[in-house]
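Q: Would you mind keeping the following structure in view while I ask a few things?
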Amino acid sequence: MRIENLKLQIVLLALVVLCAFLSAAPVLAAQPKEAAPADETEDPGTDEPVDEEDEKLPLINQMELPSFQRLMQGPPLDWLVMHTGKVIVVEPVAPRPGTIDDINQRISRATRKAGDPAESEEAKRRRLDLYYLPVTLPEGEDREYRLHTRFLKEIIYYEDLMLRRIDQLLDDEKVRQAYEVLLALEARQESWPGIVPRKERLLFTEAVVQTAEGHPQHALALLESLHERRASYMGLEAQFGVVGDKLMSQALENNDPRAARYFLRRIARKYANHRVIKDWTARLMQDAREQVDKAVASERAGRIDAALDLAERATRYWPDLPELLPVYNRLAQRRQRLRAGVVELPQAAPQVAPVLLSNAELRRRQLMQTPLFEPSRLENKIIRYESRFFSDWEPTELGHSVLFRLRPYRLPGESQPMLTAAGLVWSLGGRLNSQSAEYDARFGATIDSLEVRSPFDLAVRFQQAPLRPEALFAFPCPPSRQAELPEAPAEPRAAAYPFQLQTAGDRQAVYRRSIPDAENSADHRISEVIEIKYDSYAKAIQGLLRGEVSMLPRIPAYTVRSLAARQEFFSQAYALPTTHVLQFNPHHKGLAARTLRRALVYSINRPQILEQVFLHEEPGPLGRVTSAPFATTSYAYNNDSTRKVEPHKFDPALAYSLAKTAEKELGSKLPVLRLVCGPEPEVQAAAARIIEQWKVVGIEARLSVAPAVGLTPDGQDDWDIVYRTDALAEPLVELWPYLALTTSTETAALGHLPTWLRKQLLDLDRVGDMNSATQLLHLLHEQFWAEVHLIPLWELDDTFVYRKHVRGVPERPVTPYQKIERWKVEPWFSREAPL
Amino acid sequence: MNCVRGFLTIALSIAPNLLCAAETAIEDRPYDVRVRISFEGAVELDAPFRADILELTAAGLERCLGPFWHCEVVEEQGRVFSGTKALSRLAPEGLVRNSAIEETDKSYLIAVASTGAGIICDGREWDVATRQLGPRATKSVLDRRDLPAALLSLIHELFRPVAEIDQPRSGRTTLRGRGANLSPADSSWPALPSEKLFEAYNCILDKDLAVERIQQIPWTYLNSVNDVEAGRVHCTVTSGLRSPLAGRRHRLLTLALGINDRGPETKLTLVTRGPARKPLAGVEVELAAMLPSKPQSDEAAHDVPAKTLPTLITDRNGKVSLPAECASADRPIWLLVRSGQVLLARVPYLPGLHPAEVIELPDDSLRLEVEADIALLQAKLVDTVARRAVLMAQAKARAKAGQFDAAATALRALDAMSKAPKFTEDLNLIRINRTKAARARRDKSTEERIRKLCSETGELVTNYLDEAKLTELRDEIRELRRATDDAAAMEAKAKAADERAAKGAKPKSKPATKPAEKADAAAAGREPASDEKTPGVKTDDVRTKAQPR
């Protein structure tokens, strides 16, 4: 209707023009170009023709601003506003913006000056045409017209309409729509005047909206962006104050003063003398000062732990507080705490299953168990042991007996029970008694007699001289009343040594030294280990960089190089790489088929998974594919050039063929296998990749995650294949329980293995010299490869990182917390600005 | 000297009985029994009380057994044993030499001790004919007046009947019970009860018909079945020996001694034969209620519940514990001792009968080593066969698709693989070395087993790595290639003819097709069509071929 009216109006205008032409006054030439007047006067009249049809055109104040949808969908239309206030809606005119100015400039350029030669009719006609603006109506049959500029008051372009809509949307705080219109406008005319201020207003409005919606951090980012654009924006500084208040209040509510300091610093970068900066700096300093005062009071009251907690809290509030440093140093020196960043925490109840998949549980055992002998270092491919209990262990009778001399004292910093020979015999008796829960069949078969020669001398006679007695005795001595020397009566006896699990929550686990340092000692050692859980290794590394933790017991291989390059940390690889192995449930009938096991091994593209999941580089110095469950650096690994055992090559065609053969052998479709792995994120990712690759060759498998697994006596296990990550320190001794998937060393535990393989493993127990042991282990390595009783995947040179204020960490340790009770943590807290 | 004197004394004491046996049938001879009761705790058990007990016990036995036993009840004064604890320490060797018990057929050694409010009676039976000391049994009473009855009950429990074994050349084995024709007054003391298990002993007599030596027939049990006639029963013989019971022979007396009670378990030790006698660790001992191959012939099959018995593995000292409950209803179970694929022994045994038992077996370690080597070789063989099958399938499929270069690559890979001669060479190395070692040990059976293992594997190698199949494949591919080349040449020729026909007047002016152009045309003809099938592995072929088992 509106368009029809418009056409009518233009026709009327044409009539008016005709009248004007007849009266020799060319006022308006809004008509089809074909019907343009042949001649026009040079000076267009100023009187505007009035027609009743013209009155039907809408007035500018009646025009409705196009909606968001209309603007986004188009088509674009400009408004030609007449001097009468009427509006003609036309398709976009050109050039834009400044259409009228452009016409006027062209007219002035073409205007004849005095002395100009007479112009031809044609030239005159061209010159007079300049007064007209060609317009196209949005619809109708005759849409092309010309409009004399004399009638035009202004042109409201489509872009201007967009700007007006943006303003309206921002008034209504509809930021998203405003942003979309602004983007559309930019896409049409990047340099349209008015875009930049709208952008600034948009940022500001969005910041306001985000603040109101409870996203002050987002708001701060927007304000910072606006500050970059125009620091003098009206109300910007005030809004910074609003957002800053909110952010810092929230940070303190969340007990994260470091975050408060971070926001403070961000705002200070923009407005150094802002009110918020002054207020909050004073408040944080005051809080820190109060904490320090409380810490000093607690220290005076003898509550050192509480005092240290307060001092640590103060360091997070305002580390630069001058009076904080001496108090903190004194307390942290007295109660040394090591904070370690981990991605999994031990559960409150210890795992009793024989196969541990969770590193948290392994660390818990390292902290809470004190073996008689423990692996200390790798030397000439052999792990060397050391003992906290024995000062000397001297073989006699050509190795058939050993005289163990117990230490009647503890070294400074040690935290293990004191043993007497009689107590030790009582403890060992449990391992020799077949009715006892601690019965160790291998130990029982090896030991002939135990003889207490003096309170601290124990002579052990063996049935057959063991090759490495240390490895045979590398088990934790259970704390017992009988085994220990009486302590001071005031000291309650501990259930675990050297540390006890104090608390285990969702976010952190606290271990405390079982035998605390003497209060009056000048030489203090580590007294607490606090494991703090992070959601991922990336977060844990962030925590290390921020100073929240001082140590990461394990870091992903792909981060080793970057962290090793930093000056503030020590990074060390463990003495033994961690070997990742797939091991089969001996109760599973399908997996008893060697063909299926070989199909499984040939279908895994190990180099690819190792590279893509763990290393993010070619297998090499940080990790490599392996063919044995023990380290490639061990003497047990068959590296003999003539009989070297190469890992199985990835061969999907062969794997497919073998899987089909296995299917035929089993007489049914291959069962869906259940693979279980530990909670470590990378391990889970690798296990998922393995399952994918099995699927390609037609072997279905499901993945589940568990911290530990074991074999049930009735064979009703909920897993078929287990993904293990272990480091076998001494394969000579540890291979048996590893293969048995139990803690039992009875021969029946390896009943699933062929007799010849079992015999070789039994021979390993009785082997008398290192050469024979090495040869036998090499042979076993070859046999494992052939029989595929397990699938060694790869080994990773696991690395741990710690800040340089942690002292006494052994060089290339075998385990994460090796000799931890002798470590020292020097007082340190991060004073780096949190940005 | 004392030992010799002891043996002579026993021989002299038994000789009259045996001579008597020659005169009187065993079924008509009563047992000559002496019950020796030791009393501990003299304060409560005073002399009059003890005398009463002896008298009442003797009277009770007389009343119950009548002519079946010639019995004497005496107080033990420490000549044979000194009390309850000494009963446990008693050993047959000590009793054989003890003159105090030599004149009887059976001695019951009973210790009565007062403990707290009650009295405990412990006892064991000593069978002179077989020189076997029975298991210990215990009774307790709270009222001292019940002691004679408890002693009677204890003696009843300890009594193990003795019988002579008749093994006719044909027919069933029969047991002739001692005093079986002298039926006791109390029917609960049968001389030869049915459904009773017996152990067998050979008594070798000297020229004076005195017992020179007694030898238990190992791994042999007799189970009395039912009465045939008075004093005799048929029995079934369960033995791990081929012919455990010899027929009637001069100066050989075969006796059966009843089995009364069993302990909770038997520690069975497996060792290699002397002189090494090394413990056989890690060997499987399969327990079975009956032999798998034997049909269930007698009623014993109905009695034995169809429960699965465990397979045990010997520990590092070659020991395995056989729990008594494995054998229900006092029937021996079978022990199948396996080392890998070889059955080392197959013997019946009643777990709990003796606290410890030893089986001597051949040393199988050499054969196990061969089994290990063969397993390694077989693993490589399986891989080779499977990979070969895959490559052959690939080569064939690619050749059919006209991709002869790819087929040639597959053939080259096939050529690079280990061949049958390599495997045979490895196998021969294993065989020769181990056979030599077995020969050095003079172990013929191991030598034979090694040879068998190797020859079986050798057959697998020959069957599955047959070169003829490869030759066939090569020929087939060659044929395919020739056919494709011919077709291409024909096509090129036809094309040339068409061109000549099209050119009309100047067909001969054009030079003959150059060899290079021919080759190009042939190559063009060989190009596989776009809709040709993608070559793939025929897994069914592979599957059937890749099974060297």
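Residue numbers start at 1 in each chain; chains themselves are named A, B, ... in the order of the structure tokens; ligands are numbered from 1 in the order shown.
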Select all residues from chain A having any atom no more than 9 Å from an atom of chain B (counting only C-alpha atoms, ignoring ligands), output as a PyMOL selection string.

A: chain A and resi 441-442+445-446+594-595+598+653-654+656-662+664+746-748+750-751+754-760+762+782-783+785-787

Q: Give me the residues within 9 Å of Tyr131 of chain A as a ChimeraX atom specification, counting only C-alpha atoms and dropping any in the same chain fewer than 3 places off.

A: /A:44,103-104,106-107,127-128,147-150

Q: Can you pull out the residues contacting Ala688 of chain A? Cut-off 10 Å, using only C-alpha atoms, and skip same-chain residues under 3 positions away; I want them as a ChimeraX atom specification.

A: /A:675,677,682-685,691-694,701-704

Q: Between A:Asn585, A:Ser67, A:Gln217, A:Thr743, which one has atoms that come closest to Arg266 of chain A, using only C-alpha atoms?

A: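 Of A:Asn585, A:Ser67, A:Gln217, A:Thr743, the one nearest Arg266 of chain A is A:Gln217, counting only C-alpha atoms.
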
Q: List every residue of segment 88-235 of chain B that DSSP, applied to the backbone of this structure, places in alpha helix (DSSP H), and write the result as a list in words.

A: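 Here is the list: Ser88, Arg89, Pro92, Glu93, Gly94, Leu95, Val96, Leu147, Pro148, Ala149, Ala150, Leu151, Leu152, Ser153, Leu154, Ile155, His156, Glu157 and Leu158 of chain B.
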
Q: Just list the residues in segment 265-344 of chain A DSSP gives strand (DSSP E) on the backbone, as a PyMOL selection string.

A: chain A and resi 336-342

Q: Could those selected residues go to a file with N, CA and C atoms, as a PDB file, in the first residue's frame?

A:
ATOM      1  N   GLN A 336      58.698 -27.978  58.186  1.00  0.00           N
ATOM      2  CA  GLN A 336      58.935 -27.942  56.742  1.00  0.00           C
ATOM      3  C   GLN A 336      57.840 -28.724  56.021  1.00  0.00           C
ATOM      4  N   ARG A 337      57.245 -28.049  55.087  1.00  0.00           N
ATOM      5  CA  ARG A 337      56.139 -28.661  54.352  1.00  0.00           C
ATOM      6  C   ARG A 337      56.506 -28.740  52.873  1.00  0.00           C
ATOM      7  N   LEU A 338      56.206 -29.889  52.306  1.00  0.00           N
ATOM      8  CA  LEU A 338      56.411 -30.039  50.862  1.00  0.00           C
ATOM      9  C   LEU A 338      55.043 -30.166  50.215  1.00  0.00           C
ATOM     10  N   ARG A 339      54.778 -29.283  49.294  1.00  0.00           N
ATOM     11  CA  ARG A 339      53.510 -29.368  48.561  1.00  0.00           C
ATOM     12  C   ARG A 339      53.801 -29.944  47.181  1.00  0.00           C
ATOM     13  N   ALA A 340      53.084 -31.022  46.877  1.00  0.00           N
ATOM     14  CA  ALA A 340      53.294 -31.690  45.591  1.00  0.00           C
ATOM     15  C   ALA A 340      52.004 -31.621  44.783  1.00  0.00           C
ATOM     16  N   GLY A 341      52.129 -31.308  43.537  1.00  0.00           N
ATOM     17  CA  GLY A 341      50.959 -31.219  42.649  1.00  0.00           C
ATOM     18  C   GLY A 341      50.744 -32.549  41.947  1.00  0.00           C
ATOM     19  N   VAL A 342      49.541 -33.064  42.068  1.00  0.00           N
ATOM     20  CA  VAL A 342      49.234 -34.369  41.455  1.00  0.00           C
ATOM     21  C   VAL A 342      47.899 -34.269  40.728  1.00  0.00           C
TER      22      VAL A 342
END

Q: For Asp186 of chain B, which residue among B:Pro67, B:Pro48, B:Pro310, B:Pro323 is the nearest when counting only C-alpha atoms?

A: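 Looking at the shortest contact to Asp186 of chain B, the residue is B:Pro67.
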
Q: Excluding same-chain residues fewer than 3 positions from Val461 of chain B, what lies within 12 Å of it counting only C-alpha atoms, as an mmCIF file with C-alpha atoms, in the first residue's frame?

A:
data_model
loop_
_atom_site.group_PDB
_atom_site.id
_atom_site.type_symbol
_atom_site.label_atom_id
_atom_site.label_comp_id
_atom_site.auth_asym_id
_atom_site.auth_seq_id
_atom_site.Cartn_x
_atom_site.Cartn_y
_atom_site.Cartn_z
ATOM 1 C CA ILE B 374 59.752 -75.630 20.359
ATOM 2 C CA LEU B 377 59.983 -71.868 17.201
ATOM 3 C CA GLN B 378 56.264 -72.463 16.803
ATOM 4 C CA ALA B 379 55.476 -68.847 17.628
ATOM 5 C CA LYS B 380 57.780 -67.729 14.847
ATOM 6 C CA LEU B 381 56.304 -70.370 12.580
ATOM 7 C CA VAL B 382 52.735 -69.174 13.201
ATOM 8 C CA THR B 384 55.562 -66.723 9.246
ATOM 9 C CA VAL B 385 52.697 -68.858 8.013
ATOM 10 C CA SER B 418 62.193 -67.373 6.475
ATOM 11 C CA LYS B 419 61.811 -70.599 4.587
ATOM 12 C CA ALA B 420 61.173 -74.130 5.711
ATOM 13 C CA PRO B 421 64.875 -75.132 5.610
ATOM 14 C CA LYS B 422 65.670 -72.411 8.143
ATOM 15 C CA PHE B 423 63.068 -73.730 10.533
ATOM 16 C CA THR B 424 64.190 -77.289 9.951
ATOM 17 C CA GLU B 425 67.752 -76.281 10.658
ATOM 18 C CA ASP B 426 66.724 -74.656 13.957
ATOM 19 C CA LEU B 427 64.672 -77.683 14.828
ATOM 20 C CA CYS B 454 60.723 -82.396 17.116
ATOM 21 C CA SER B 455 59.265 -84.649 14.463
ATOM 22 C CA GLU B 456 55.760 -83.295 15.087
ATOM 23 C CA THR B 457 57.011 -79.747 14.710
ATOM 24 C CA GLY B 458 58.978 -80.762 11.641
ATOM 25 C CA TYR B 464 52.674 -75.138 6.152
ATOM 26 C CA LEU B 465 55.804 -73.772 4.545
ATOM 27 C CA ASP B 466 55.516 -75.819 1.427
ATOM 28 C CA GLU B 467 57.538 -74.226 -1.364
ATOM 29 C CA ALA B 546 47.708 -70.078 9.206
ATOM 30 C CA GLN B 547 47.067 -72.888 11.587
ATOM 31 C CA PRO B 548 50.121 -74.921 12.208
ATOM 32 C CA ARG B 549 48.542 -76.576 15.237
#

Q: Please determine, counting only C-alpha atoms, which residue among A:Glu821, A:Pro66, A:Arg198, A:Asp320 has the shortest atom-to-atom distance to Pro516 of chain A.

A: A:Glu821

Q: List the spatial neighbours of Glu360 of chain B as a list of chain:residue names - criterion: any atom at most 9 Å away, only C-alpha atoms, same-chain residues fewer than 6 positions off excluded.

A: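 So, after excluding close chain neighbours, the residues are B:Thr269, B:Leu270, B:Val271, B:Thr272, B:Arg273, B:Gly274, B:Arg277.
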
Q: I'd like the contact shell of Glu55 of chain B - 10 Å cut-off, only C-alpha atoms, skipping same-chain residues fewer than 5 positions apart - returned as a PDB file with N, CA and C atoms, in the first residue's frame.

A:
ATOM      1  N   PHE B  49      41.458 -97.668  91.655  1.00  0.00           N
ATOM      2  CA  PHE B  49      40.666 -97.231  90.489  1.00  0.00           C
ATOM      3  C   PHE B  49      41.269 -97.799  89.195  1.00  0.00           C
ATOM      4  N   ARG B  50      42.588 -97.743  89.124  1.00  0.00           N
ATOM      5  CA  ARG B  50      43.260 -98.224  87.922  1.00  0.00           C
ATOM      6  C   ARG B  50      43.014 -99.716  87.744  1.00  0.00           C
ATOM      7  N   GLY B  60      34.813-106.040  79.620  1.00  0.00           N
ATOM      8  CA  GLY B  60      34.051-105.481  78.489  1.00  0.00           C
ATOM      9  C   GLY B  60      34.482-106.094  77.172  1.00  0.00           C
ATOM     10  N   LEU B  61      35.781-106.189  76.980  1.00  0.00           N
ATOM     11  CA  LEU B  61      36.295-106.766  75.740  1.00  0.00           C
ATOM     12  C   LEU B  61      35.878-108.229  75.612  1.00  0.00           C
ATOM     13  N   GLU B  72      44.417-109.425  76.684  1.00  0.00           N
ATOM     14  CA  GLU B  72      44.968-109.179  78.008  1.00  0.00           C
ATOM     15  C   GLU B  72      45.054-107.666  78.196  1.00  0.00           C
ATOM     16  N   VAL B  73      44.566-107.171  79.307  1.00  0.00           N
ATOM     17  CA  VAL B  73      44.625-105.728  79.571  1.00  0.00           C
ATOM     18  C   VAL B  73      45.601-105.522  80.719  1.00  0.00           C
ATOM     19  N   VAL B  74      46.629-104.768  80.481  1.00  0.00           N
ATOM     20  CA  VAL B  74      47.655-104.537  81.506  1.00  0.00           C
ATOM     21  C   VAL B  74      47.903-103.043  81.656  1.00  0.00           C
ATOM     22  N   PRO B 148      35.622 -96.992  81.531  1.00  0.00           N
ATOM     23  CA  PRO B 148      35.733 -98.304  80.872  1.00  0.00           C
ATOM     24  C   PRO B 148      34.992 -98.337  79.526  1.00  0.00           C
TER      25      PRO B 148
END

Q: For the atom pair atom CA of Met770 of chain A and atom CA of Leu467 of chain A, what is the interatomic distance in Å to one decimal place?

A: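 Calculated distance between atom CA of Met770 of chain A and atom CA of Leu467 of chain A is 7.2 Å.
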
Q: With distances taken over only C-alpha atoms, which residue among B:Leu241, B:Ala111, B:Leu147, B:Leu252 lies nearest Leu209 of chain B?

A: B:Leu252

Q: I'd like the contact shell of Thr115 of chain B - 12 Å cut-off, only C-alpha atoms, skipping same-chain residues fewer than 2 positions apart - returned as a PDB file with N, CA and C atoms, in the first residue's frame.

A:
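The resulting file, result.pdb, is shown below:
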ATOM      1  N   PHE B  39      48.370 -94.621  82.872  1.00  0.00           N
ATOM      2  CA  PHE B  39      47.573 -93.651  83.622  1.00  0.00           C
ATOM      3  C   PHE B  39      48.445 -92.482  84.033  1.00  0.00           C
ATOM      4  N   GLU B  40      47.961 -91.287  83.790  1.00  0.00           N
ATOM      5  CA  GLU B  40      48.670 -90.082  84.238  1.00  0.00           C
ATOM      6  C   GLU B  40      47.783 -89.383  85.254  1.00  0.00           C
ATOM      7  N   GLY B  41      48.413 -88.663  86.150  1.00  0.00           N
ATOM      8  CA  GLY B  41      47.630 -87.961  87.182  1.00  0.00           C
ATOM      9  C   GLY B  41      47.253 -88.921  88.294  1.00  0.00           C
ATOM     10  N   ALA B  42      48.255 -89.422  88.973  1.00  0.00           N
ATOM     11  CA  ALA B  42      48.067 -90.498  89.942  1.00  0.00           C
ATOM     12  C   ALA B  42      47.176 -90.109  91.126  1.00  0.00           C
ATOM     13  N   VAL B  43      47.048 -88.805  91.355  1.00  0.00           N
ATOM     14  CA  VAL B  43      46.264 -88.385  92.527  1.00  0.00           C
ATOM     15  C   VAL B  43      44.804 -88.766  92.332  1.00  0.00           C
ATOM     16  N   GLU B  44      44.271 -88.439  91.150  1.00  0.00           N
ATOM     17  CA  GLU B  44      42.862 -88.771  90.909  1.00  0.00           C
ATOM     18  C   GLU B  44      42.689 -90.244  90.558  1.00  0.00           C
ATOM     19  N   LEU B  45      43.650 -90.741  89.766  1.00  0.00           N
ATOM     20  CA  LEU B  45      43.518 -92.118  89.289  1.00  0.00           C
ATOM     21  C   LEU B  45      44.384 -93.022  90.172  1.00  0.00           C
ATOM     22  N   THR B  84      50.705 -89.594  77.301  1.00  0.00           N
ATOM     23  CA  THR B  84      49.982 -89.053  76.137  1.00  0.00           C
ATOM     24  C   THR B  84      50.929 -88.510  75.068  1.00  0.00           C
ATOM     25  N   VAL B 112      45.720 -92.731  79.561  1.00  0.00           N
ATOM     26  CA  VAL B 112      44.567 -92.116  80.219  1.00  0.00           C
ATOM     27  C   VAL B 112      45.103 -90.980  81.091  1.00  0.00           C
ATOM     28  N   ALA B 113      44.583 -89.798  80.899  1.00  0.00           N
ATOM     29  CA  ALA B 113      45.080 -88.650  81.660  1.00  0.00           C
ATOM     30  C   ALA B 113      43.903 -87.830  82.132  1.00  0.00           C
ATOM     31  N   ALA B 117      38.286 -81.207  84.710  1.00  0.00           N
ATOM     32  CA  ALA B 117      37.160 -81.962  85.259  1.00  0.00           C
ATOM     33  C   ALA B 117      36.995 -83.319  84.598  1.00  0.00           C
ATOM     34  N   GLY B 118      37.675 -83.543  83.487  1.00  0.00           N
ATOM     35  CA  GLY B 118      37.434 -84.777  82.746  1.00  0.00           C
ATOM     36  C   GLY B 118      38.652 -85.654  82.629  1.00  0.00           C
ATOM     37  N   ILE B 119      38.454 -86.711  81.886  1.00  0.00           N
ATOM     38  CA  ILE B 119      39.546 -87.654  81.640  1.00  0.00           C
ATOM     39  C   ILE B 119      39.634 -87.864  80.133  1.00  0.00           C
ATOM     40  N   ILE B 120      40.874 -87.827  79.661  1.00  0.00           N
ATOM     41  CA  ILE B 120      41.085 -87.997  78.219  1.00  0.00           C
ATOM     42  C   ILE B 120      41.821 -89.309  77.991  1.00  0.00           C
ATOM     43  N   CYS B 121      41.331 -90.037  77.017  1.00  0.00           N
ATOM     44  CA  CYS B 121      41.999 -91.295  76.645  1.00  0.00           C
ATOM     45  C   CYS B 121      42.526 -91.144  75.230  1.00  0.00           C
ATOM     46  N   SER B 140      37.071 -88.633  75.362  1.00  0.00           N
ATOM     47  CA  SER B 140      37.108 -87.937  76.649  1.00  0.00           C
ATOM     48  C   SER B 140      35.802 -88.200  77.397  1.00  0.00           C
ATOM     49  N   VAL B 141      35.935 -88.271  78.689  1.00  0.00           N
ATOM     50  CA  VAL B 141      34.744 -88.479  79.533  1.00  0.00           C
ATOM     51  C   VAL B 141      34.772 -87.468  80.668  1.00  0.00           C
ATOM     52  N   LEU B 142      33.621 -87.113  81.137  1.00  0.00           N
ATOM     53  CA  LEU B 142      33.542 -86.188  82.260  1.00  0.00           C
ATOM     54  C   LEU B 142      33.319 -86.943  83.576  1.00  0.00           C
ATOM     55  N   ASP B 143      32.741 -88.134  83.472  1.00  0.00           N
ATOM     56  CA  ASP B 143      32.485 -88.943  84.671  1.00  0.00           C
ATOM     57  C   ASP B 143      33.427 -90.135  84.646  1.00  0.00           C
ATOM     58  N   ARG B 144      34.201 -90.293  85.691  1.00  0.00           N
ATOM     59  CA  ARG B 144      35.211 -91.344  85.686  1.00  0.00           C
ATOM     60  C   ARG B 144      34.578 -92.734  85.609  1.00  0.00           C
TER      61      ARG B 144
END

Q: Rank B:Gly352, B:Gly263, B:Gly179, B:Pro135 by their smallest atom-to-atom distance to Tyr31 of chain B, using only C-alpha atoms, and report the top residue only.

A: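 So, comparing all the options, the nearest one is B:Gly179.
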
Q: Atom CA of Leu253 of chain B and atom CA of Ala100 of chain B are how many Å apart?

A: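 About the pair atom CA of Leu253 of chain B and atom CA of Ala100 of chain B: they are 24.8 Å apart.
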
Q: Using only C-alpha atoms, which residues of segment 514-576 of chain A come within 12 Å of segment 302-305 of chain A, and what is the closest atom pair for each, with the distance in Å to one decimal? Give it as CSV, sorted by chain and residue number.

A:
residue,atom,partner,partner_atom,distance
A:Glu519,CA,A:Ile304,CA,10.3
A:Ser527,CA,A:Asp305,CA,10.4
A:Glu528,CA,A:Asp305,CA,10.2

Q: Go ahead and compute the interatomic distance for atom CA of Gln286 of chain A and atom CA of Trp318 of chain A, in Å to one decimal.

A: 8.8 Å
